[in-house]
>>> print(open('my_file.txt').read())   # compact mmCIF, C-alpha atoms and all ligand atoms
# COMPACT_ATOMS: atom_id res chain seq x y z
CA MET A 828 67.19 82.10 78.88
CA LYS A 829 70.17 80.00 79.98
CA HIS A 830 72.94 81.62 81.98
CA LEU A 831 76.59 80.70 82.42
CA ALA A 832 79.08 82.28 84.82
CA PRO A 833 82.26 81.48 86.70
CA ALA A 834 81.37 80.71 90.32
CA CYS A 835 82.96 83.93 91.57
CA PHE A 836 80.35 85.97 89.70
CA ARG A 837 77.58 85.43 92.22
CA ALA A 838 80.01 85.46 95.16
CA PHE A 839 81.16 89.02 94.40
CA ALA A 840 80.36 91.86 96.81
CA CYS A 841 81.90 95.31 96.50
CA ALA A 842 84.35 96.21 99.29
CA ALA A 843 83.12 99.86 99.12
CA GLY A 844 84.92 102.03 101.69
CA SER A 845 87.42 99.24 102.47
CA CYS A 846 88.48 98.81 98.84
CA PRO A 847 92.27 99.10 98.50
CA ASP A 848 92.09 100.58 95.00
CA SER A 849 88.60 101.87 94.27
CA CYS A 850 87.28 101.94 90.69
CA CYS A 851 86.26 105.57 91.41
CA ARG A 852 90.00 106.37 91.33
CA ALA A 853 90.71 104.54 88.06
CA GLY A 854 90.42 107.57 85.77
CA TRP A 855 87.87 105.91 83.47
CA GLU A 856 85.43 108.14 81.64
CA ILE A 857 82.00 107.29 83.06
CA VAL A 858 79.00 108.21 80.91
CA PRO A 859 75.81 108.08 83.01
CA ASP A 860 72.78 106.60 81.27
CA GLU A 861 69.70 108.65 80.39
CA GLU A 862 67.50 107.12 83.09
CA SER A 863 70.00 107.97 85.84
CA LEU A 864 70.45 111.52 84.51
CA ASN A 865 66.68 111.99 84.68
CA LEU A 866 66.69 110.72 88.24
CA TYR A 867 69.54 113.06 89.23
CA GLU A 868 67.46 116.01 87.98
CA THR A 869 64.84 115.19 90.61
CA LEU A 870 67.14 114.66 93.62
CA GLU A 871 66.41 117.16 96.35
CA GLY A 872 68.47 119.11 98.85
CA ALA A 873 72.13 120.04 99.00
CA GLU A 874 73.26 116.46 98.20
CA GLY A 875 71.06 116.38 95.09
CA ALA A 876 72.60 119.66 93.90
CA ARG A 877 76.09 118.36 94.63
CA ILE A 878 75.48 115.28 92.50
CA ARG A 879 74.27 117.43 89.60
CA GLU A 880 77.44 119.54 89.97
CA GLY A 881 79.42 116.30 89.60
CA ILE A 882 78.20 115.88 86.02
CA ALA A 883 79.80 117.69 83.11
CA PHE A 884 78.19 118.05 79.68
CA GLN A 885 80.57 118.02 76.75
CA ARG A 886 79.92 118.53 73.07
CA SER A 887 82.49 117.29 70.59
CA GLY A 888 82.73 118.03 66.85
CA ALA A 889 79.41 118.14 65.05
CA GLN A 890 77.61 116.34 67.89
CA GLN A 891 74.14 117.80 68.40
CA ASN A 892 73.59 116.71 71.97
CA ALA A 893 76.16 117.23 74.67
CA GLU A 894 77.45 114.02 76.30
CA ALA A 895 77.26 113.70 80.06
CA LEU A 896 80.36 112.59 81.97
CA LEU A 897 81.06 112.18 85.66
CA ARG A 898 83.56 114.90 86.57
CA GLN A 899 87.03 113.98 87.85
CA ASN A 900 89.52 116.01 89.85
CA ASP A 901 93.09 116.73 88.69
CA SER A 902 94.16 113.24 89.87
CA ARG A 903 91.41 111.66 87.74
CA VAL A 904 89.38 110.66 90.81
CA CYS A 905 85.57 110.87 90.50
CA VAL A 906 84.41 114.02 92.32
CA LEU A 907 81.45 112.10 93.74
CA LEU A 908 83.78 109.91 95.81
CA ASP A 909 83.55 111.06 99.42
CA GLU A 910 86.47 111.24 101.86
CA ASP A 911 85.26 108.05 103.58
CA GLY A 912 85.77 106.13 100.32
CA LEU A 913 82.03 105.91 99.59
CA CYS A 914 80.17 107.21 96.55
CA ARG A 915 77.91 110.17 97.47
CA VAL A 916 75.17 108.92 95.14
CA GLN A 917 75.01 105.53 96.83
CA LYS A 918 75.50 106.90 100.34
CA HIS A 919 72.67 109.44 100.14
CA PHE A 920 70.26 107.95 97.61
CA GLY A 921 70.92 104.18 97.68
CA HIS A 922 72.50 101.60 95.38
CA ASP A 923 69.73 101.80 92.78
CA ALA A 924 70.47 105.49 92.22
CA LEU A 925 73.94 104.68 90.84
CA CYS A 926 74.23 105.07 87.08
CA LYS A 927 74.20 101.77 85.17
CA VAL A 928 77.98 101.64 84.59
CA CYS A 929 78.76 102.10 88.31
CA ARG A 930 75.95 99.79 89.40
CA GLU A 931 77.16 96.95 87.17
CA TYR A 932 80.95 97.24 87.51
CA PRO A 933 82.88 94.90 87.67
CA ARG A 934 80.19 92.60 86.26
CA PHE A 935 79.78 92.09 82.52
CA HIS A 936 77.08 90.24 80.58
CA ARG A 937 77.08 89.07 76.98
CA GLU A 938 74.22 87.53 75.08
CA PHE A 939 74.66 84.73 72.55
CA GLY A 940 71.20 83.68 71.40
CA ASN A 941 69.54 81.72 74.20
CA LEU A 942 72.63 81.93 76.44
CA THR A 943 73.84 84.89 78.49
CA GLU A 944 77.39 84.71 79.77
CA HIS A 945 78.26 86.67 82.89
CA GLY A 946 81.63 87.48 84.38
CA LEU A 947 83.72 89.88 86.41
CA SER A 948 86.41 92.23 85.26
CA LEU A 949 89.63 91.43 87.07
CA SER A 950 90.56 95.12 87.20
CA CYS A 951 88.61 95.21 90.50
CA PRO A 952 90.79 94.06 93.43
CA THR A 953 87.95 92.12 95.07
CA ALA A 954 87.07 90.34 91.83
CA TYR A 955 90.75 89.64 91.14
CA ALA A 956 91.23 88.12 94.61
CA LEU A 957 88.09 85.96 94.25
CA ALA A 958 88.98 84.76 90.77
CA THR A 959 92.62 83.91 91.36
CA ALA A 960 92.29 82.34 94.82
CA ARG A 961 90.90 79.01 93.65
CA ALA A 962 90.46 76.90 90.51
CA PRO A 963 87.65 78.23 88.30
CA ALA A 964 84.28 76.46 88.47
CA TRP A 965 81.09 77.04 86.49
CA GLU A 966 77.58 77.97 87.57
CA GLU A 967 74.63 77.50 85.23
CA TRP A 968 71.01 78.50 85.70
CA GLU A 969 67.89 79.25 83.70
CA ASP A 970 65.16 81.86 83.95
CA GLU A 971 62.15 83.10 82.02
CA ALA A 972 63.92 86.08 80.41
CA PRO A 973 63.08 86.28 76.69
CA VAL A 974 65.68 85.25 74.12
CA VAL A 975 67.03 88.28 72.28
CA PRO A 976 67.20 87.75 68.47
CA ASN A 977 70.73 87.93 67.10
CA GLU A 978 72.69 87.53 63.88
CA LEU A 979 75.28 85.06 65.14
CA ASP A 980 76.73 82.60 62.68
CA PRO A 981 75.76 79.37 64.54
CA ALA A 982 78.58 77.28 63.04
CA ALA A 983 81.26 79.84 63.85
CA TYR A 984 79.84 80.29 67.34
CA LEU A 985 79.84 76.55 68.13
CA ARG A 986 83.31 76.19 66.71
CA LEU A 987 84.67 78.99 68.91
CA ARG A 988 82.87 77.70 71.99
CA ARG A 989 84.31 74.22 71.55
CA GLY A 990 87.79 75.65 71.08
CA ARG A 991 87.41 77.86 74.15
CA ALA A 992 86.28 74.89 76.26
CA LEU A 993 89.48 73.05 75.31
CA ALA A 994 91.65 76.09 76.09
CA LEU A 995 90.01 76.65 79.48
CA GLU A 996 90.30 72.98 80.37
CA LEU A 997 93.99 73.10 79.51
CA LEU A 998 94.61 76.12 81.75
CA THR A 999 93.18 74.33 84.79
CA ARG A 1000 95.65 71.39 84.45
CA GLU A 1001 97.71 72.16 87.54
CA THR A 1002 99.95 69.14 87.00
CA LEU A 1003 101.36 70.82 83.88
CA PRO A 1004 104.01 73.55 84.35
CA LEU A 1005 102.79 76.99 83.27
CA PRO A 1006 105.17 77.26 80.25
CA ALA A 1007 103.79 73.92 79.00
CA ARG A 1008 100.19 75.10 79.37
CA LEU A 1009 101.03 78.33 77.53
CA GLY A 1010 102.87 76.46 74.77
CA LEU A 1011 99.93 74.10 74.26
CA LEU A 1012 97.45 76.98 74.37
CA ARG A 1013 99.37 78.88 71.68
CA ARG A 1014 99.52 75.77 69.50
CA LEU A 1015 95.84 75.10 70.00
CA ALA A 1016 94.88 78.68 69.05
CA ALA A 1017 97.13 78.61 65.98
CA ALA A 1018 95.60 75.30 64.92
CA LEU A 1019 92.03 76.46 65.56
CA GLN A 1020 92.54 79.69 63.65
CA GLY A 1021 92.06 77.97 60.32
CA ALA A 1022 90.88 74.47 61.14
CA PRO A 1023 87.64 73.05 59.75
CA GLU A 1024 84.86 72.38 62.24
CA LYS A 1025 85.06 68.60 62.20
CA HIS A 1026 88.74 68.76 63.13
CA ILE A 1027 87.97 70.86 66.16
CA ARG A 1028 85.31 68.51 67.36
CA HIS A 1029 87.34 65.36 66.91
CA ASP A 1030 91.01 65.83 66.03
CA TYR A 1031 91.93 68.70 68.31
CA ALA A 1032 89.90 67.57 71.29
CA VAL A 1033 91.54 64.15 71.08
CA ARG A 1034 94.94 65.52 70.18
CA LEU A 1035 94.95 68.06 72.97
CA ARG A 1036 94.02 65.45 75.56
CA ARG A 1037 96.82 63.25 74.20
CA TRP A 1038 99.28 66.19 74.42
CA ILE A 1039 98.19 66.89 77.99
CA SER A 1040 98.72 63.30 79.11
CA ARG A 1041 102.33 63.16 77.88
CA PRO A 1042 105.23 63.15 80.36
CA VAL A 1043 106.01 66.75 81.38
CA LYS A 1044 109.45 66.79 79.74
CA SER A 1045 108.03 66.19 76.30
CA HIS A 1046 105.61 69.13 76.34
CA ALA A 1047 105.83 72.25 74.25
CA GLN A 1048 107.38 74.98 76.39
CA PHE A 1049 106.47 78.63 75.92
CA SER A 1050 109.20 81.22 76.37
CA PHE A 1051 109.89 84.86 75.54
CA PRO A 1052 113.41 86.31 75.25
CA SER A 1053 114.43 88.55 78.18
CA SER A 1054 116.05 90.92 75.66
CA GLN A 1055 112.57 91.88 74.36
CA PHE A 1056 110.98 92.91 77.67
CA SER A 1057 112.30 96.46 77.54
CA SER A 1058 110.71 97.18 74.15
CA LEU A 1059 107.54 95.36 75.23
CA ALA A 1060 107.22 97.68 78.26
CA ARG A 1061 108.02 100.73 76.11
CA SER A 1062 105.23 99.79 73.70
CA PHE A 1063 102.79 99.98 76.62
CA LEU A 1064 104.07 103.47 77.39
CA GLY A 1065 102.75 104.44 73.94
CA LEU A 1066 99.17 103.48 74.90
CA GLU A 1067 96.76 105.70 76.78
CA ILE A 1068 97.98 105.68 80.39
CA LEU A 1069 95.40 106.30 83.10
CA SER A 1070 97.50 106.32 86.22
CA PRO A 1071 100.88 108.01 86.81
CA ALA A 1072 101.82 105.09 89.12
CA TRP A 1073 101.43 102.66 86.20
CA ARG A 1074 103.63 104.85 83.98
CA ASP A 1075 106.26 105.00 86.71
CA ALA A 1076 106.24 101.20 87.18
CA LEU A 1077 106.50 100.60 83.42
CA ASP A 1078 109.41 103.07 83.18
CA ARG A 1079 111.32 101.40 85.99
CA PHE A 1080 110.66 97.92 84.63
CA ALA A 1081 111.77 98.94 81.10
CA ALA A 1082 114.98 100.46 82.50
CA LEU A 1083 115.79 97.30 84.51
CA ALA A 1084 115.06 95.11 81.48
CA ALA A 1085 117.27 97.29 79.24
CA ALA A 1086 120.08 97.00 81.81
CA GLY A 1087 119.74 93.19 81.80
CA ARG A 1088 118.59 93.19 85.43
CA LEU A 1089 115.48 90.98 85.14
CA PRO A 1090 115.34 87.90 87.36
CA ARG A 1091 116.50 84.67 85.77
CA ASP A 1092 113.55 82.90 84.16
CA PRO A 1093 111.10 85.82 84.55
CA LEU A 1094 108.21 83.60 83.39
CA THR A 1095 108.46 80.97 86.14
CA PRO A 1096 106.72 82.26 89.26
CA GLU A 1097 106.76 80.39 92.56
CA ASP A 1098 102.98 79.88 92.35
CA PRO A 1099 101.83 79.78 88.71
CA GLU A 1100 98.12 79.21 89.45
CA PRO A 1101 97.00 82.85 89.91
CA TYR A 1102 98.52 83.57 86.48
CA ALA A 1103 96.86 80.57 84.83
CA ARG A 1104 93.53 81.58 86.42
CA TRP A 1105 93.86 85.20 85.28
CA LEU A 1106 94.41 83.90 81.75
CA TRP A 1107 91.40 81.58 82.11
CA TYR A 1108 89.16 84.59 82.90
CA GLU A 1109 90.76 86.66 80.16
CA LEU A 1110 90.08 84.01 77.54
CA TYR A 1111 86.57 83.36 78.87
CA LYS A 1112 85.86 87.05 78.29
CA TYR A 1113 87.59 87.72 74.97
CA TRP A 1114 87.77 84.41 73.03
CA LEU A 1115 84.29 84.73 71.53
CA ASP A 1116 85.02 88.27 70.29
CA ALA A 1117 86.64 86.46 67.36
CA LEU A 1118 83.05 85.98 66.16
CA ASP A 1119 83.22 89.60 64.95
CA ASP A 1120 86.34 89.34 62.83
CA GLY A 1121 87.73 85.78 62.95
CA ARG A 1122 90.93 86.95 64.69
CA LEU A 1123 91.18 84.31 67.39
CA LEU A 1124 94.95 83.87 67.34
CA ALA A 1125 95.52 87.64 67.57
CA ARG A 1126 93.32 87.73 70.70
CA VAL A 1127 95.08 84.80 72.33
CA ASP A 1128 98.43 86.45 71.54
CA ARG A 1129 97.21 89.72 73.08
CA SER A 1130 96.31 87.85 76.27
CA LEU A 1131 99.69 86.10 76.28
CA VAL A 1132 101.49 89.44 75.83
CA LEU A 1133 99.59 90.87 78.82
CA LEU A 1134 100.29 87.77 80.88
CA ILE A 1135 104.04 87.72 80.28
CA LEU A 1136 104.35 91.44 80.98
CA GLY A 1137 102.38 91.13 84.25
CA LEU A 1138 104.31 88.06 85.30
CA ALA A 1139 107.73 89.55 84.57
CA MET A 1140 106.78 92.81 86.33
CA ASP A 1141 105.63 90.91 89.45
CA ARG A 1142 108.95 89.09 89.57
CA THR A 1143 111.01 92.21 88.91
CA LEU A 1144 109.15 94.69 91.14
CA PRO A 1145 108.03 92.50 94.07
CA GLY A 1146 105.45 93.94 96.45
CA GLU A 1147 103.98 96.34 93.85
CA GLY A 1148 101.64 93.93 92.10
CA PRO A 1149 99.70 92.00 91.22
CA PHE A 1150 100.49 93.68 87.94
CA LEU A 1151 97.92 91.68 85.98
CA ARG A 1152 95.20 93.45 87.91
CA ARG A 1153 96.83 96.80 87.21
CA ILE A 1154 97.16 95.87 83.54
CA SER A 1155 93.45 94.90 83.41
CA ARG A 1156 92.62 98.29 84.90
CA GLU A 1157 94.69 100.20 82.36
CA ILE A 1158 93.76 98.17 79.30
CA GLU A 1159 90.38 96.43 79.63
CA HIS A 1160 88.16 99.47 79.95
CA CYS A 1161 89.70 101.38 77.06
CA GLU A 1162 88.66 100.18 73.60
CA GLU A 1163 91.51 102.16 72.02
CA ASN A 1164 94.09 100.33 74.14
CA LEU A 1165 92.52 96.93 73.46
CA ASP A 1166 92.43 97.61 69.71
CA ALA A 1167 95.95 99.01 69.64
CA LEU A 1168 97.26 95.90 71.38
CA LEU A 1169 95.42 93.64 68.96
CA GLU A 1170 97.30 95.32 66.12
CA GLN A 1171 100.66 95.64 67.89
CA ASN A 1172 100.97 92.24 69.47
CA ALA A 1173 102.21 90.70 66.22
CA ASP A 1174 105.44 92.66 66.87
CA PHE A 1175 105.90 90.66 70.05
CA SER A 1176 104.23 87.35 69.28
CA SER A 1177 106.92 86.84 66.62
CA PHE A 1178 109.30 86.45 69.59
CA PHE A 1179 107.18 83.76 71.25
CA ARG A 1180 109.22 80.57 71.35
CA ILE A 1181 107.52 77.20 71.63
CA SER A 1182 109.87 74.27 71.88
CA SER A 1183 108.82 71.43 69.63
CA PHE A 1184 107.46 68.09 70.73
S1 LIG B 1201 87.10 98.38 92.60
FE1 LIG B 1201 85.62 96.69 93.04
S2 LIG B 1201 85.60 96.45 95.29
FE2 LIG B 1201 86.60 98.43 94.81
S3 LIG B 1201 84.96 99.97 94.94
FE3 LIG B 1201 85.06 99.33 92.79
S4 LIG B 1201 83.63 97.59 92.56
FE4 LIG B 1201 83.96 97.92 94.77
>>> encode(input="my_file.txt", output="structure tokens", more="lines below")
Ligand code: SF4
Amino acid sequence: MKHLAPACFRAFACAAGSCPDSCCRAGWEIVPDEESLNLYETLEGAEGARIREGIAFQRSGAQQNAEALLRQNDSRVCVLLDEDGLCRVQKHFGHDALCKVCREYPRFHREFGNLTEHGLSLSCPTAYALATARAPAWEEWEDEAPVVPNELDPAAYLRLRRGRALALELLTRETLPLPARLGLLRRLAAALQGAPEKHIRHDYAVRLRRWISRPVKSHAQFSFPSSQFSSLARSFLGLEILSPAWRDALDRFAALAAAGRLPRDPLTPEDPEPYARWLWYELYKYWLDALDDGRLLARVDRSLVLLILGLAMDRTLPGEGPFLRRISREIEHCEENLDALLEQNADFSSFFRISSF
């Protein structure tokens, strides 16, 4: 099996008790796997009993078997999180005793035939800091793991991978201003959405490199009208909200936007690179999901909507961010939120402005 990962994947180490915003406080519903549940049944002593008490069994609708969930307190914090910021399972029974979800987070793995892609979710503060601190680089390796059979459409897969490589290359062009990179990315995604394979391999690769090498002034510039930020923030208030602090920040941002009190040029940060890198990781993770339904442009637009909201919130509420990490935490681990945004973002992408060449 071949493996591909951004370099930060293997560099990651959990900050555990020193984490500034532990995943155990995120309010996510954690379903322990069967193997871990069996192990927890055998744990001895008072700590073993305490861990079993931390698991609730819920039956919904016509479900025959009750589903196990890690219990949370009224503030949606996992009850197995100790006062010292450490997980009681890990502290008393070791890392391998963690259930699969907790053991793996923030890592993700996705198999595409003979290639497994690995990455980190940027909802974790340590992963976010690693990923946004320097330009992305790749690591590749091979092992003897067997190839898992799949039903991928090879042509569609290759086409999407080539398109993603162009998009990721574009985002690392630090000589281009961020609005120019975003404008080119949006144009590329719109073009790739319906383009035949041979155009992607030749035309768009060549065309994109030609676009990139133009003088900065002649590039497409991405913009979003300040007048739409209030309704954009309000649309996020309609999603499932996990943390009251996120609701409060969205409320305040929406009110400031409605009062016309956003900074001038909310999409031009002093240092654009952390934003470009966040988008790089976002597209690395979600671009190939278009294999399922062909909706590449909708996914790129969803990422752009998240980016402009995070960027504008950082500029409007300084010292409370980085909001892209908080957005990842609220959105990325909730399928309902991801799906809702995929449907809703057309409302906002119609306001994207890309100046012409
Ligand atoms: S959020 Fe990341 S660094 Fe913090 S406890 Fe969870 S995995 Fe560790």
>>> residues_around(input="my_file.txt", residues="Ser1050 (chain A)", least_positions_apart="2", cutoff="8 Å", atoms="all atoms listed in the file", output="ChimeraX atom specification")
/A:1006,1048,1052,1094,1179-1181
>>> closest_atom_pairs(input="my_file.txt", of="chain A", to="ligand LIG 1201 (chain B)", cutoff="6 Å", atoms="only C-alpha atoms and all ligand atoms", output="CSV")
residue,atom,partner,partner_atom,distance
A:Cys841,CA,B:LIG1201,FE4,3.7
A:Ala842,CA,B:LIG1201,S2,4.2
A:Ala843,CA,B:LIG1201,S3,4.6
A:Cys846,CA,B:LIG1201,FE2,4.5
A:Asp848,CA,B:LIG1201,FE2,5.9
A:Ser849,CA,B:LIG1201,FE2,4.0
A:Cys850,CA,B:LIG1201,FE3,4.0
A:Tyr932,CA,B:LIG1201,S4,5.7
A:Pro933,CA,B:LIG1201,S4,5.6
A:Cys951,CA,B:LIG1201,S1,4.1
A:Pro952,CA,B:LIG1201,S1,5.7
A:Thr953,CA,B:LIG1201,S2,4.9
>>> residues_around(input="my_file.txt", residues="Leu1066 (chain A)", least_positions_apart="3", cutoff="9 Å", atoms="only C-alpha atoms", output="MDAnalysis selection string")
chainID A and resid 1062:1063 1158 1163:1164 1167:1168
>>> closest_residue(input="my_file.txt", among="A:Ala1082, A:Leu985, A:Asp1098, A:Asp980", to="Asp1120 (chain A)", atoms="only C-alpha atoms")
A:Asp980
>>> residues_near_point(input="my_file.txt", point="(102.0, 100.4, 84.7)", cutoff="12 Å", atoms="all atoms listed in the file", output="VMD selection string")
chain A and resid 1060 to 1081 1133 1136 to 1137 1140 to 1141 1144 1147 to 1158
>>> atom_distance(input="my_file.txt", atom1="CA of Tyr1111 (chain A)", atom2="CA of Leu947 (chain A)")
10.4 Å
>>> residues_around(input="my_file.txt", residues="region 875-884 of chain A", least_positions_apart="5", cutoff="9 Å", atoms="all atoms listed in the file", output="PyMOL selection string")
chain A and resi 859+864+867-870+893-899+905-907+915-916+919-920
>>> atom_distance(input="my_file.txt", atom1="CA of Ala1084 (chain A)", atom2="CA of Leu1110 (chain A)")
27.6 Å
>>> atom_distance(input="my_file.txt", atom1="CA of Ala982 (chain A)", atom2="CA of Leu831 (chain A)")
19.8 Å
>>> closest_residue(input="my_file.txt", among="A:Gln1020, A:Phe836, A:Arg1013, A:Leu866", to="Cys926 (chain A)", atoms="only C-alpha atoms")
A:Leu866
>>> closest_residue(input="my_file.txt", among="A:Leu942, A:Leu1106, A:Cys914, A:Ala853", to="Glu967 (chain A)", atoms="only C-alpha atoms")
A:Leu942
>>> closest_residue(input="my_file.txt", among="A:Glu1109, A:Glu978, A:Glu874, A:Glu938", to="Ala958 (chain A)", atoms="all atoms listed in the file")
A:Glu1109
>>> residues_near_point(input="my_file.txt", point="(92.1, 112.0, 84.6)", cutoff="6 Å", atoms="only C-alpha atoms", output="list in words")
Gly854, Ser902 and Arg903 of chain A
>>> residues_around(input="my_file.txt", residues="region 1114-1116 of chain A", least_positions_apart="5", cutoff="8 Å", atoms="all atoms listed in the file", output="NGL selection string")
:A and (984 or 987-988 or 991 or 1123 or 1126-1127)
>>> write_last_selection(input="my_file.txt", atoms="C-alpha atoms", output="PDB file, in the frame of the given file")
ATOM      1  CA  TYR A 984      79.840  80.290  67.340  1.00  0.00           C
ATOM      2  CA  LEU A 987      84.670  78.990  68.910  1.00  0.00           C
ATOM      3  CA  ARG A 988      82.870  77.700  71.990  1.00  0.00           C
ATOM      4  CA  ARG A 991      87.410  77.860  74.150  1.00  0.00           C
ATOM      5  CA  LEU A1123      91.180  84.310  67.390  1.00  0.00           C
ATOM      6  CA  ARG A1126      93.320  87.730  70.700  1.00  0.00           C
ATOM      7  CA  VAL A1127      95.080  84.800  72.330  1.00  0.00           C
TER       8      VAL A1127
END
>>> closest_residue(input="my_file.txt", among="A:Gln1171, A:Asn900, A:Thr999, A:Thr1143", to="Leu1012 (chain A)", atoms="all atoms listed in the file")
A:Thr999
>>> residues_around(input="my_file.txt", residues="Tyr1113 (chain A)", least_positions_apart="5", cutoff="12 Å", atoms="all atoms listed in the file", output="PyMOL selection string")
chain A and resi 935+937+944+946+948+987-988+991+1106-1108+1118-1119+1122-1130+1159+1165+1169
>>> closest_residue(input="my_file.txt", among="A:Ala992, A:Leu1059, A:Val974, A:Leu1134", to="Gly940 (chain A)", atoms="all atoms listed in the file")
A:Val974
>>> build_atoms(input="my_file.txt", residues="region 1140-1155 of chain A", atoms="N, CA and C atoms", output="compact mmCIF listing (two decimals), in the frame of the given file")
# COMPACT_ATOMS: atom_id res chain seq x y z
N MET A 1140 106.77 91.63 85.45
CA MET A 1140 106.78 92.81 86.33
C MET A 1140 106.63 92.39 87.79
N ASP A 1141 105.77 91.40 88.06
CA ASP A 1141 105.63 90.91 89.45
C ASP A 1141 106.96 90.39 89.97
N ARG A 1142 107.69 89.69 89.11
CA ARG A 1142 108.95 89.09 89.57
C ARG A 1142 110.04 90.14 89.70
N THR A 1143 109.94 91.20 88.91
CA THR A 1143 111.01 92.21 88.91
C THR A 1143 110.76 93.30 89.95
N LEU A 1144 109.49 93.62 90.19
CA LEU A 1144 109.15 94.69 91.14
C LEU A 1144 108.28 94.09 92.25
N PRO A 1145 108.85 93.20 93.08
CA PRO A 1145 108.03 92.50 94.07
C PRO A 1145 107.38 93.46 95.05
N GLY A 1146 106.16 93.11 95.47
CA GLY A 1146 105.45 93.94 96.45
C GLY A 1146 104.63 95.05 95.82
N GLU A 1147 104.74 95.26 94.50
CA GLU A 1147 103.98 96.34 93.85
C GLU A 1147 102.78 95.82 93.07
N GLY A 1148 102.70 94.52 92.92
CA GLY A 1148 101.64 93.93 92.10
C GLY A 1148 100.38 93.65 92.91
N PRO A 1149 99.50 92.75 92.45
CA PRO A 1149 99.70 92.00 91.22
C PRO A 1149 99.52 92.88 89.98
N PHE A 1150 100.53 92.80 89.10
CA PHE A 1150 100.49 93.68 87.94
C PHE A 1150 99.42 93.28 86.93
N LEU A 1151 98.99 92.02 86.94
CA LEU A 1151 97.92 91.68 85.98
C LEU A 1151 96.64 92.43 86.30
N ARG A 1152 96.39 92.66 87.57
CA ARG A 1152 95.20 93.45 87.91
C ARG A 1152 95.38 94.89 87.44
N ARG A 1153 96.59 95.42 87.64
CA ARG A 1153 96.83 96.80 87.21
C ARG A 1153 96.76 96.91 85.69
N ILE A 1154 97.23 95.87 85.01
CA ILE A 1154 97.16 95.87 83.54
C ILE A 1154 95.69 95.82 83.10
N SER A 1155 94.88 94.97 83.76
CA SER A 1155 93.45 94.90 83.41
C SER A 1155 92.82 96.28 83.57
